[in-house]
Amino acid sequence: MDIEITAKTVFTIPILGGIPVTQTVVNMWIVMAILISAAIIIRLTLKWEIVPHGLQNAVEALWDMISSFIKQNLGDKAGPFIPYLTTVALFLAVANMLGILGLRPPTSDIMLTATLAIMTMIMIIFGSIKYKGVGGWLHSIAEPIAIMVPFNIMDYFIRPLSLAARLFGNVLASMIIMDLVFSFIPIGVPPILSLYFDLFDGLIQTVIFLFLSMIYLREALE
């Protein structure tokens with residue numbers, strides 16, 4: 001097996017003593033390039049029609065599906081959070097499926113999944129303050145009784161850890177399984193399993209991350 005827990009350094013930027021650029025960063029740039037290119041193409045082909053056709057119809061259907069999923073879970077408070085959650089969902093979907101191109105998914109790096117988890121918790125805290133006010137948010141930390149304060153504070157560390165480790169562990173496990181299968185059966189089976197792990201399982205992990213984020217956010221807003 002040639003799978004490594006930490007991503008390899010692709011090149012080093014010769015400033016400030018050398019800044020290493022890993023596979024995770026390079027592949028994240030590829031994901032960003034795919035999403036930005038898709039956004040530009042969609043914007044250039046966008047037409048203000050009553051009944052959209054072709055690519056625009058598919059994009060609007062995707063947007064309706066994701067935004068409806070978020071609204072169903074967050075209710076009338078979903079509006080301010082839809083842009084962030086949709087962006088994270090699209091990023092994770094593409095990143096998790098990068099293995100189809102023979103590249104290492106950036107989500108197999110705990111540093112990236114931890115960053116996404118921390119960003120999500122920051123959004124949750126600011127969302128709670130937005131709807132409850134600073135006083136209301138501080139009061140919620142002492143709910144249902146004051147003795148729960150230490151445990152509620154621990155939640156702000158445990159939840160992002162859970163989000164990060166769950167996504168990282170599943171994506172890395174898929175890579176390890178694929179490498180094992182390829183070592184024993186290099187022809188026939190790997191492409192089929194790749195469709196499952198890189199496509200189907202990648203989308204499942206995206207939905208799980210999004211769903212857990214919304215559960216934590218809904219609890220904070222209630």
# chains A, B, ... in the order shown; residues from 1 in each chain; ligands from 1
>>> residues_around(residues="Asn73 in chain A", least_positions_apart="5", cutoff="10 Å", atoms="only C-alpha atoms", output="PyMOL selection string")
chain A and resi 68+78+211+214-215+217-218
>>> select_by_dssp(residues="chain A", states="strand (DSSP E)", output="NGL selection string")
:A and (9-13 or 19-22)
>>> atom_distance(atom1="CA of Met148 in chain A", atom2="CA of Ala164 in chain A")
24.5 Å
>>> select_by_dssp(residues="range 57-200 of chain A", states="alpha helix (DSSP H)", output="PyMOL selection string")
chain A and resi 57-74+82-96+110-141+149-184+189-194
>>> closest_residue(among="A:Ile204, A:Ile125, A:Ala33, A:Leu210", to="Thr87 in chain A", atoms="only C-alpha atoms")
A:Leu210
